[in-house]
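File shown here: start25.csv, holding CSV, C-alpha atoms.
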chain,number,residue,atom,x,y,z
A,1,MET,CA,178.8,155.4,145.5
A,2,TYR,CA,176.0,154.1,147.7
A,3,ALA,CA,176.1,154.4,151.5
A,4,GLU,CA,176.8,151.2,153.5
A,5,ARG,CA,174.0,150.2,155.9
A,6,PRO,CA,173.3,147.1,158.0
A,7,SER,CA,171.8,144.2,156.0
A,8,ARG,CA,168.6,142.5,157.2
A,9,PRO,CA,167.9,138.8,156.9
A,10,GLN,CA,165.9,137.9,153.8
A,11,PRO,CA,163.1,135.4,153.6
A,12,SER,CA,163.2,132.0,151.9
A,13,LEU,CA,163.5,131.7,148.2
A,14,ASP,CA,159.9,130.6,147.8
A,15,VAL,CA,158.8,134.0,149.1
A,16,LEU,CA,161.4,136.0,147.3
A,17,ARG,CA,160.4,134.6,143.9
A,18,HIS,CA,157.1,136.5,144.3
A,19,VAL,CA,158.9,139.9,144.9
A,20,VAL,CA,159.2,142.3,142.0
A,21,ASP,CA,161.7,145.2,141.9
A,22,VAL,CA,159.7,147.5,139.6
A,23,HIS,CA,162.6,149.9,139.0
A,24,CYS,CA,166.4,149.4,138.9
A,25,HIS,CA,169.4,150.1,136.7
A,26,PRO,CA,171.5,146.9,136.4
A,27,THR,CA,173.2,147.9,133.2
A,28,GLU,CA,174.4,151.2,134.7
A,29,SER,CA,177.3,149.2,136.2
A,30,ALA,CA,179.1,146.2,134.8
A,31,VAL,CA,176.6,143.3,135.0
A,32,ASN,CA,177.8,140.6,137.4
A,33,VAL,CA,176.9,137.3,135.8
A,34,GLU,CA,177.1,135.4,139.1
A,35,ALA,CA,174.8,137.9,140.7
A,36,MET,CA,172.3,137.6,137.9
A,37,ASP,CA,172.5,133.8,138.1
A,38,ASN,CA,171.7,134.0,141.8
A,39,LEU,CA,169.1,136.7,141.6
A,40,SER,CA,166.0,135.6,143.6
A,41,ILE,CA,163.5,138.2,142.5
A,42,THR,CA,162.1,139.7,139.2
A,43,ILE,CA,163.6,143.0,138.2
A,44,CYS,CA,162.4,145.7,135.8
A,45,ALA,CA,165.6,146.9,134.2
A,46,MET,CA,165.5,150.5,133.1
A,47,SER,CA,167.1,152.2,130.1
A,48,SER,CA,168.0,155.9,130.2
A,49,ARG,CA,169.9,156.9,127.0
A,50,GLN,CA,170.8,155.7,123.6
A,51,SER,CA,173.8,153.6,124.6
A,52,ASP,CA,172.0,151.4,127.2
A,53,GLN,CA,168.9,150.4,125.2
A,54,LEU,CA,170.9,147.5,123.7
A,55,LEU,CA,172.4,146.6,127.1
A,56,VAL,CA,169.0,146.2,128.6
A,57,ARG,CA,167.9,144.2,125.5
A,58,ASP,CA,170.8,141.9,125.9
A,59,LEU,CA,170.2,141.4,129.6
A,60,ALA,CA,166.5,140.5,129.0
A,61,ASN,CA,167.5,138.0,126.3
A,62,ALA,CA,170.0,136.4,128.7
A,63,TYR,CA,167.6,136.2,131.6
A,64,PRO,CA,164.1,136.2,130.2
A,65,GLU,CA,162.6,134.7,133.4
A,66,LYS,CA,164.1,137.3,135.7
A,67,VAL,CA,164.2,140.6,133.7
A,68,ILE,CA,161.4,142.7,132.4
A,69,PRO,CA,163.1,145.1,130.0
A,70,CYS,CA,162.2,148.8,130.0
A,71,PHE,CA,163.2,151.1,127.1
A,72,GLY,CA,163.1,154.9,127.2
A,73,TYR,CA,165.1,158.1,127.4
A,74,HIS,CA,165.6,159.7,130.9
A,75,PRO,CA,165.1,163.5,131.3
A,76,TRP,CA,168.7,163.8,132.3
A,77,PHE,CA,169.6,162.9,128.7
A,78,SER,CA,166.7,164.6,126.9
A,79,HIS,CA,169.1,167.4,125.6
A,80,TRP,CA,170.8,164.6,123.6
A,81,ILE,CA,167.6,164.4,121.5
A,82,SER,CA,166.8,166.8,118.7
A,83,LEU,CA,163.2,167.5,117.8
A,84,ALA,CA,164.1,167.6,114.1
A,85,PRO,CA,167.1,166.6,112.0
A,86,CYS,CA,170.1,168.5,113.3
A,87,SER,CA,172.9,169.9,111.0
A,88,SER,CA,175.0,171.5,113.8
A,89,ARG,CA,175.7,170.0,117.2
A,90,GLU,CA,176.8,173.4,118.6
A,91,LYS,CA,173.6,175.1,117.4
A,92,HIS,CA,171.4,172.5,118.9
A,93,TYR,CA,173.0,172.8,122.4
A,94,ARG,CA,173.4,176.5,122.2
A,95,ARG,CA,169.7,176.9,121.4
A,96,LEU,CA,168.7,174.7,124.4
A,97,PHE,CA,171.0,176.2,127.0
A,98,SER,CA,171.1,179.8,125.8
A,99,PRO,CA,174.4,180.5,127.6
A,100,SER,CA,174.9,184.1,128.9
A,101,ASP,CA,178.1,186.0,128.2
A,102,ALA,CA,179.3,184.9,131.6
A,103,GLN,CA,178.6,181.3,130.8
A,104,GLN,CA,180.3,181.1,127.5
A,105,GLU,CA,183.5,179.6,128.9
A,106,MET,CA,181.6,176.9,130.7
A,107,PHE,CA,179.6,176.1,127.5
A,108,GLU,CA,182.8,175.8,125.6
A,109,ARG,CA,184.1,173.3,128.2
A,110,LEU,CA,180.9,171.4,128.1
A,111,LEU,CA,180.4,171.1,124.3
A,112,PRO,CA,183.2,168.6,123.5
A,113,HIS,CA,181.6,166.1,126.0
A,114,LEU,CA,178.2,166.3,124.4
A,115,PRO,CA,177.3,163.7,121.8
A,116,ASP,CA,175.8,164.4,118.4
A,117,PRO,CA,172.1,164.7,119.0
A,118,VAL,CA,169.8,161.8,118.0
A,119,SER,CA,166.6,162.8,116.3
A,120,LEU,CA,163.3,162.2,118.1
A,121,ALA,CA,162.2,160.2,115.0
A,122,ASP,CA,165.1,157.8,115.5
A,123,VAL,CA,164.3,157.6,119.3
A,124,LEU,CA,160.8,156.6,118.5
A,125,ALA,CA,161.8,154.1,115.8
A,126,ASN,CA,164.2,152.4,118.2
A,127,LEU,CA,161.6,152.2,120.9
A,128,ARG,CA,159.1,150.7,118.5
A,129,HIS,CA,161.7,148.1,117.4
A,130,ASN,CA,162.5,147.1,121.0
A,131,PHE,CA,158.8,147.0,122.0
A,132,SER,CA,158.1,144.7,119.1
A,133,ALA,CA,160.8,142.3,120.3
A,134,PHE,CA,159.6,142.2,123.9
A,135,PRO,CA,155.8,141.9,124.4
A,136,GLN,CA,156.1,142.6,128.1
A,137,ALA,CA,158.5,145.5,127.9
A,138,MET,CA,157.7,148.8,129.5
A,139,LEU,CA,158.6,152.4,128.7
A,140,GLY,CA,161.1,153.6,131.2
A,141,GLU,CA,162.8,155.5,132.6
A,142,VAL,CA,161.2,158.6,131.3
A,143,GLY,CA,159.9,161.7,133.0
A,144,LEU,CA,160.5,165.3,134.1
A,145,ASP,CA,163.3,166.8,136.2
A,146,ARG,CA,163.5,170.6,137.0
A,147,ALA,CA,166.4,170.2,139.5
A,148,ALA,CA,169.1,168.3,137.4
A,149,ARG,CA,172.0,170.3,136.1
A,150,VAL,CA,174.0,169.1,133.1
A,151,PRO,CA,177.4,167.8,134.1
A,152,ILE,CA,180.5,168.5,132.1
A,153,ASP,CA,181.1,164.8,131.7
A,154,TYR,CA,178.4,162.5,132.9
A,155,PHE,CA,180.7,159.5,132.8
A,156,ALA,CA,183.4,161.1,135.0
A,157,SER,CA,184.0,159.5,138.4
A,158,LEU,CA,183.5,162.9,140.0
A,159,ARG,CA,180.9,164.9,138.0
A,160,GLU,CA,181.4,168.7,137.7
A,161,LEU,CA,178.0,170.3,137.3
A,162,THR,CA,177.3,173.2,135.0
A,163,PRO,CA,174.7,175.9,135.5
A,164,PHE,CA,172.7,174.6,132.5
A,165,THR,CA,169.4,172.7,132.8
A,166,VAL,CA,167.2,171.2,130.1
A,167,PRO,CA,164.2,173.4,129.6
A,168,LEU,CA,161.0,171.8,130.7
A,169,GLU,CA,159.5,172.5,127.3
A,170,HIS,CA,162.1,170.4,125.6
A,171,GLN,CA,161.7,167.6,128.2
A,172,LEU,CA,158.0,167.6,127.5
A,173,ALA,CA,158.5,167.7,123.8
A,174,THR,CA,160.7,164.5,124.0
A,175,LEU,CA,158.6,162.8,126.7
A,176,GLU,CA,155.1,163.1,125.3
A,177,PRO,CA,155.8,161.3,122.0
A,178,GLN,CA,157.3,158.4,124.0
A,179,ILE,CA,154.2,158.2,126.1
A,180,ASP,CA,152.0,158.4,123.0
A,181,LEU,CA,153.8,155.4,121.6
A,182,ALA,CA,153.4,153.5,124.8
A,183,VAL,CA,149.6,154.2,124.7
A,184,ASP,CA,149.4,153.1,121.1
A,185,LEU,CA,151.2,149.9,121.8
A,186,GLY,CA,149.6,149.2,125.2
A,187,ARG,CA,152.9,149.5,127.2
A,188,ASN,CA,153.1,150.5,130.9
A,189,VAL,CA,155.3,153.4,131.9
A,190,SER,CA,157.8,154.2,134.7
A,191,ILE,CA,158.0,157.9,135.3
A,192,HIS,CA,160.7,160.0,137.0
A,193,SER,CA,159.4,163.3,138.6
A,194,VAL,CA,161.8,165.6,140.5
A,195,LYS,CA,160.8,169.1,141.4
A,196,SER,CA,158.1,168.7,138.7
A,197,HIS,CA,155.1,167.6,140.6
A,198,GLN,CA,152.6,170.1,139.2
A,199,ALA,CA,154.0,169.6,135.7
A,200,THR,CA,153.7,165.8,136.1
A,201,SER,CA,150.2,166.1,137.4
A,202,ASP,CA,149.3,168.3,134.4
A,203,LEU,CA,150.9,165.8,132.1
A,204,LEU,CA,148.8,163.0,133.4
A,205,ASP,CA,145.7,165.0,133.0
A,206,ARG,CA,146.7,166.0,129.5
A,207,MET,CA,147.5,162.4,128.4
A,208,HIS,CA,144.2,161.2,129.8
A,209,LYS,CA,142.2,163.8,127.9
A,210,LYS,CA,144.2,163.2,124.7
A,211,HIS,CA,144.0,159.4,124.7
A,212,GLY,CA,140.6,158.8,126.4
A,213,PRO,CA,139.9,155.1,127.0
A,214,GLY,CA,143.3,154.2,125.5
A,215,TRP,CA,145.0,155.9,128.4
A,216,LEU,CA,143.3,153.4,130.8
A,217,ARG,CA,144.6,150.4,128.9
A,218,ILE,CA,148.1,151.1,130.4
A,219,SER,CA,149.4,151.6,133.9
A,220,ILE,CA,151.7,154.4,135.1
A,221,ASP,CA,154.2,154.1,137.9
A,222,LEU,CA,155.6,157.2,139.6
A,223,HIS,CA,158.9,155.7,140.7
A,224,SER,CA,160.7,156.6,143.9
A,225,CYS,CA,157.7,158.9,144.4
A,226,GLY,CA,158.5,162.0,146.4
A,227,ILE,CA,155.4,164.0,146.2
A,228,SER,CA,153.3,165.1,149.2
A,229,SER,CA,150.7,162.7,150.5
A,230,GLU,CA,148.0,165.3,149.6
A,231,THR,CA,149.2,165.6,146.0
A,232,TRP,CA,149.4,161.8,145.7
A,233,GLN,CA,145.8,161.4,146.9
A,234,ALA,CA,144.6,163.9,144.4
A,235,ILE,CA,146.4,162.0,141.6
A,236,GLU,CA,145.2,158.7,142.9
A,237,LYS,CA,141.6,159.9,142.8
A,238,ARG,CA,141.8,161.4,139.3
A,239,HIS,CA,143.8,158.6,137.6
A,240,ILE,CA,142.8,155.0,138.4
A,241,ASN,CA,145.7,153.7,136.3
A,242,VAL,CA,148.5,155.5,138.3
A,243,TYR,CA,150.6,153.7,140.9
A,244,MET,CA,153.5,154.7,143.1
A,245,SER,CA,156.7,152.8,143.9
A,246,LEU,CA,159.2,153.7,146.6
A,247,SER,CA,162.8,152.9,147.3
A,248,THR,CA,164.9,153.1,150.4
A,249,VAL,CA,167.9,154.6,148.5
A,250,ILE,CA,165.8,157.7,147.4
A,251,ASN,CA,162.7,157.8,149.6
A,252,GLY,CA,164.5,156.7,152.7
A,253,ARG,CA,166.3,160.0,152.8
A,254,SER,CA,163.1,161.7,154.0
A,255,PRO,CA,160.5,160.7,156.6
A,256,ASN,CA,157.9,161.9,154.2
A,257,HIS,CA,157.8,158.5,152.6
A,258,ARG,CA,156.1,157.0,155.6
A,259,ALA,CA,153.2,159.5,155.3
A,260,LEU,CA,153.1,158.7,151.6
A,261,ILE,CA,152.8,154.9,152.2
A,262,ALA,CA,150.1,155.5,154.8
A,263,ALA,CA,148.1,157.7,152.4
A,264,CYS,CA,148.4,155.4,149.4
A,265,SER,CA,145.6,153.0,148.6
A,266,PRO,CA,146.7,149.4,149.4
A,267,HIS,CA,146.0,148.5,145.8
A,268,ARG,CA,148.3,151.2,144.2
A,269,ILE,CA,151.6,150.7,146.0
A,270,LEU,CA,154.7,148.9,144.5
A,271,VAL,CA,158.3,148.5,145.7
A,272,GLU,CA,161.7,149.1,144.0
A,273,SER,CA,165.4,149.3,144.7
A,274,ASP,CA,166.3,152.1,142.2
A,275,TYR,CA,169.7,150.5,142.5
A,276,HIS,CA,172.6,149.7,140.0
A,277,PRO,CA,174.5,146.8,141.5
A,278,VAL,CA,172.3,143.9,140.8
A,279,ASP,CA,173.7,141.8,143.7
A,280,GLN,CA,171.9,144.3,146.1
A,281,CYS,CA,168.6,144.7,144.3
A,282,ALA,CA,166.8,142.0,146.2
A,283,GLU,CA,168.1,143.2,149.6
A,284,ARG,CA,167.2,146.8,148.9
A,285,THR,CA,163.7,145.9,147.5
A,286,TRP,CA,163.1,143.7,150.6
A,287,ASP,CA,163.9,146.6,152.8
A,288,MET,CA,161.0,148.6,151.3
A,289,VAL,CA,158.7,145.5,151.5
A,290,LEU,CA,159.3,145.5,155.2
A,291,ALA,CA,158.7,149.3,155.5
A,292,VAL,CA,155.4,148.9,153.6
A,293,ALA,CA,154.4,146.0,155.9
A,294,GLU,CA,155.2,148.0,159.0
A,295,ILE,CA,153.3,151.1,158.0
A,296,LYS,CA,150.3,149.3,156.5
A,297,GLY,CA,150.1,146.8,159.4
A,298,TRP,CA,150.5,143.9,157.0
A,299,SER,CA,152.0,140.6,158.0
A,300,VAL,CA,155.3,139.4,156.4
A,301,GLU,CA,155.3,136.0,154.8
A,302,THR,CA,158.1,133.7,156.0
A,303,THR,CA,157.0,130.7,153.9
A,304,TRP,CA,154.8,130.6,150.8
A,305,MET,CA,151.4,128.9,150.7
A,306,GLU,CA,149.9,128.6,147.3
A,307,VAL,CA,146.3,129.2,148.4
A,308,VAL,CA,145.5,131.8,151.0
A,309,SER,CA,142.2,133.6,151.7
A,310,GLU,CA,142.3,137.3,150.9
A,311,GLU,CA,141.9,138.4,154.5
A,312,ASP,CA,145.1,136.5,155.4
A,313,TRP,CA,147.2,137.9,152.7
A,314,GLY,CA,150.6,139.2,153.8
A,315,VAL,CA,152.6,142.0,152.3
A,316,VAL,CA,154.3,140.0,149.6
A,317,ARG,CA,151.1,138.6,148.2
A,318,ARG,CA,149.4,142.0,148.3
A,319,LEU,CA,152.3,143.6,146.5
A,320,GLU,CA,152.4,140.8,144.0
A,321,ASN,CA,148.7,141.2,143.3
A,322,ASN,CA,149.3,145.0,142.8
A,323,TRP,CA,152.0,144.2,140.3
A,324,LYS,CA,149.9,141.9,138.3
A,325,GLU,CA,147.1,144.4,138.2
A,326,PHE,CA,149.6,147.0,137.1
A,327,GLN,CA,150.9,144.6,134.4
A,328,ASN,CA,147.4,143.8,133.2
A,329,GLY,CA,146.2,147.4,132.8
A,330,ASN,CA,142.8,147.8,131.3
A,331,HIS,CA,141.6,149.8,134.3
A,332,THR,CA,137.8,150.2,134.7
A,333,SER,CA,137.3,151.1,138.3
A,334,PRO,CA,139.5,152.2,141.3
A,335,LEU,CA,139.2,148.8,143.0
A,336,ARG,CA,139.0,145.9,140.6
A,337,SER,CA,137.3,142.8,142.1
A,338,LYS,CA,139.5,140.4,140.1
A,339,LYS,CA,142.4,139.0,142.2
A,340,VAL,CA,145.1,137.5,140.1
A,341,VAL,CA,147.7,136.1,142.5
A,342,ASP,CA,146.0,132.7,143.1
A,343,LYS,CA,145.7,132.2,139.3
A,344,LEU,CA,149.4,132.3,138.8
A,345,PRO,CA,151.2,129.1,138.0
Could you render the structure as structure tokens?
Amino acid sequence: MYAERPSRPQPSLDVLRHVVDVHCHPTESAVNVEAMDNLSITICAMSSRQSDQLLVRDLANAYPEKVIPCFGYHPWFSHWISLAPCSSREKHYRRLFSPSDAQQEMFERLLPHLPDPVSLADVLANLRHNFSAFPQAMLGEVGLDRAARVPIDYFASLRELTPFTVPLEHQLATLEPQIDLAVDLGRNVSIHSVKSHQATSDLLDRMHKKHGPGWLRISIDLHSCGISSETWQAIEKRHINVYMSLSTVINGRSPNHRALIAACSPHRILVESDYHPVDQCAERTWDMVLAVAEIKGWSVETTWMEVVSEEDWGVVRRLENNWKEFQNGNHTSPLRSKKVVDKLP
């Protein structure tokens, strides 16, 4: 459940149609058709496991003007992926979790709730199929998480956590081939990183070295970014194709997000809701738009003018330009001179 908080007035629809929620999970809840019909912003709808890839695909087909589909396998479900064809479900999970004698009872309780693992080869084939159907689709949500513990039943209304975590080595072994595919197909990536900041930084360095110029064809978003401002600045300097996005639902829990926004280049920041109920995605994203405007000292548009000189850009136009730069990829310098907003229809 999400905490209630006072709502703020939103701007006119002609402003909101330029806002992009770069990371949300509308298919994690039952999709409200009326809310989708009334949706005033563009959303990037994330997938996380095998069962919701099709749900995101269907949502994007139903609302092609509003939804950018994102296909991928979240680290919380990476244990559901086997690196090779698997003949025994129990052996697969036992090898991953290595339960101690004291944990045997908990493992036995957990096992009936775990699905038959899907092979990494099938994961990649499914991603390739979905990417071929949606030329603008991204890879997401993928990433690394060293804090998450495996619940007995993920779908229970109250999740009981086990002591088991997915080894980082297995997370990386399922993540890197997904990113390799994204680079090969020129698809941008939304990355989750929790308690894995050094591992994520090392991953970015490794991918850049591995793929060379191909790495710079795509853009990477560190979503609901929770790293220190110092770590971010180091990543921003080394990787001209890496952006950050922030959400009030995650980043708003800590005052650190204000220092992070202040430290981030004005050209590398994006906004998101990281929300499930689609009827609140616009409001939650707008909350973060206002936070960025306040901290960066940018004006907030109340009406939309089609042509505005760059020195008069407000927060929405700046963020929209960042999003278009993110979408376009093909990064060649930290600050590209081309501005794309005024070229939009």
List every residue of range 4-65 of chain A that has an atom at most 10 Å from any atom of range 219-241 of chain A, giving for each one its closest atom pair and the distance in Å to one decimal, counting only C-alpha atoms, sorted by chain and then by ascending residue number, as JSON lines.
{"residue": "A:Val22", "atom": "CA", "partner": "A:His223", "partner_atom": "CA", "distance": 8.3}
{"residue": "A:His23", "atom": "CA", "partner": "A:His223", "partner_atom": "CA", "distance": 7.1}
{"residue": "A:Cys24", "atom": "CA", "partner": "A:His223", "partner_atom": "CA", "distance": 10.0}
Query - Neighbour list for Ser47 in chain A as a ChimeraX atom specification, cut-off 7 Å, only C-alpha atoms, skip fewer than 4 positions in-chain - result: /A:52-53,56,70-73,140-141
Just write the chosen residues, C-alpha atoms, as a PDB file, in the coordinates of the input.
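Written file, result-v1.pdb:
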ATOM      1  CA  ASP A  52     172.000 151.400 127.200  1.00  0.00           C
ATOM      2  CA  GLN A  53     168.900 150.400 125.200  1.00  0.00           C
ATOM      3  CA  VAL A  56     169.000 146.200 128.600  1.00  0.00           C
ATOM      4  CA  CYS A  70     162.200 148.800 130.000  1.00  0.00           C
ATOM      5  CA  PHE A  71     163.200 151.100 127.100  1.00  0.00           C
ATOM      6  CA  GLY A  72     163.100 154.900 127.200  1.00  0.00           C
ATOM      7  CA  TYR A  73     165.100 158.100 127.400  1.00  0.00           C
ATOM      8  CA  GLY A 140     161.100 153.600 131.200  1.00  0.00           C
ATOM      9  CA  GLU A 141     162.800 155.500 132.600  1.00  0.00           C
TER      10      GLU A 141
END
Range 7-83 of chain A near range 276-289 of chain A within 8 Å: what's each residue's closest atom pair and its distance in Å to one decimal, counting all atoms listed in the file, ordered by chain then ascending residue number, as a tab-separated table?
residue	atom	partner	partner_atom	distance
A:Ser7	CA	A:Glu283	CA	7.5
A:Arg8	CA	A:Asp287	CA	7.6
A:Gln10	CA	A:Glu283	CA	7.1
A:Val20	CA	A:Thr285	CA	8.0
A:Asp21	CA	A:Thr285	CA	6.0
A:Cys24	CA	A:His276	CA	6.3
A:His25	CA	A:His276	CA	4.6
A:Pro26	CA	A:His276	CA	4.7
A:Thr27	CA	A:His276	CA	7.1
A:Glu28	CA	A:His276	CA	5.8
A:Ser29	CA	A:His276	CA	6.1
A:Val31	CA	A:Val278	CA	7.2
A:Asn32	CA	A:Val278	CA	7.3
A:Ala35	CA	A:Asp279	CA	5.0
A:Met36	CA	A:Val278	CA	6.9
A:Leu39	CA	A:Asp279	CA	7.2
A:Ser40	CA	A:Ala282	CA	7.0
A:Ile41	CA	A:Ala282	CA	6.2
Query raised in the report: From the set A:Thr162, A:Gln198, A:Ser193, A:Ser299, which residue has the shortest atom-to-atom contact distance to Trp313 in chain A, counting only C-alpha atoms?
Result: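 Using only C-alpha atoms, Trp313 in chain A sits closest to A:Ser299.
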Kindly assemble as a tab-separated table a list of the range 45-106 of chain A residues that lie within 12 Å of range 171-175 of chain A, each paired with its nearest atom pair and their distance in Å to one decimal, using all atoms listed in the file, sorted first by chain and then by ascending residue number.
residue	atom	partner	partner_atom	distance
A:Gly72	CA	A:Leu175	CA	9.1
A:Tyr73	CA	A:Leu175	CA	8.1
A:His74	CA	A:Leu175	CA	8.7
A:Pro75	CA	A:Gln171	CA	6.2
A:Trp76	CA	A:Gln171	CA	9.0
A:Phe77	CA	A:Gln171	CA	9.2
A:Ser78	CA	A:Gln171	CA	6.0
A:His79	CA	A:Gln171	CA	7.8
A:Trp80	CA	A:Thr174	CA	10.1
A:Ile81	CA	A:Thr174	CA	7.3
A:Ser82	CA	A:Thr174	CA	8.4
A:Leu83	CA	A:Thr174	CA	7.3
A:Ala84	CA	A:Thr174	CA	10.9
A:Leu96	CA	A:Gln171	CA	10.7
List as a PDB file with C-alpha atoms, in the coordinates of the input: which residues have an atom within 10 Å of (179.6, 163.9, 130.8), counting all atoms listed in the file?
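Now in point27.pdb:
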ATOM      1  CA  LEU A 110     180.900 171.400 128.100  1.00  0.00           C
ATOM      2  CA  LEU A 111     180.400 171.100 124.300  1.00  0.00           C
ATOM      3  CA  PRO A 112     183.200 168.600 123.500  1.00  0.00           C
ATOM      4  CA  HIS A 113     181.600 166.100 126.000  1.00  0.00           C
ATOM      5  CA  LEU A 114     178.200 166.300 124.400  1.00  0.00           C
ATOM      6  CA  PRO A 115     177.300 163.700 121.800  1.00  0.00           C
ATOM      7  CA  VAL A 150     174.000 169.100 133.100  1.00  0.00           C
ATOM      8  CA  PRO A 151     177.400 167.800 134.100  1.00  0.00           C
ATOM      9  CA  ILE A 152     180.500 168.500 132.100  1.00  0.00           C
ATOM     10  CA  ASP A 153     181.100 164.800 131.700  1.00  0.00           C
ATOM     11  CA  TYR A 154     178.400 162.500 132.900  1.00  0.00           C
ATOM     12  CA  PHE A 155     180.700 159.500 132.800  1.00  0.00           C
ATOM     13  CA  ALA A 156     183.400 161.100 135.000  1.00  0.00           C
ATOM     14  CA  SER A 157     184.000 159.500 138.400  1.00  0.00           C
ATOM     15  CA  ARG A 159     180.900 164.900 138.000  1.00  0.00           C
ATOM     16  CA  GLU A 160     181.400 168.700 137.700  1.00  0.00           C
ATOM     17  CA  LEU A 161     178.000 170.300 137.300  1.00  0.00           C
TER      18      LEU A 161
END
Report task. Identify, on the basis of all atoms listed in the file, every residue whose closest approach to Met305 in chain A does not exceed 12 Å; exclude the query and any residue fewer than 6 positions from it along the same chain; express the result as a ChimeraX atom specification. Result -> /A:14-15,18,312-314,316-317,341-342
Query raised in the report: Could you work out how far CA of Leu168 in chain A lies from CA of Met207 in chain A, giving the answer in Å with one decimal?
Result: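 Taking CA of Met207 in chain A and CA of Leu168 in chain A, their separation equals 16.6 Å.
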Query raised in the report: So, counting all atoms listed in the file, which residue among A:Ser51, A:Ser265, A:Thr165, A:Asn188 is closest to Met138 in chain A?
Result: A:Asn188
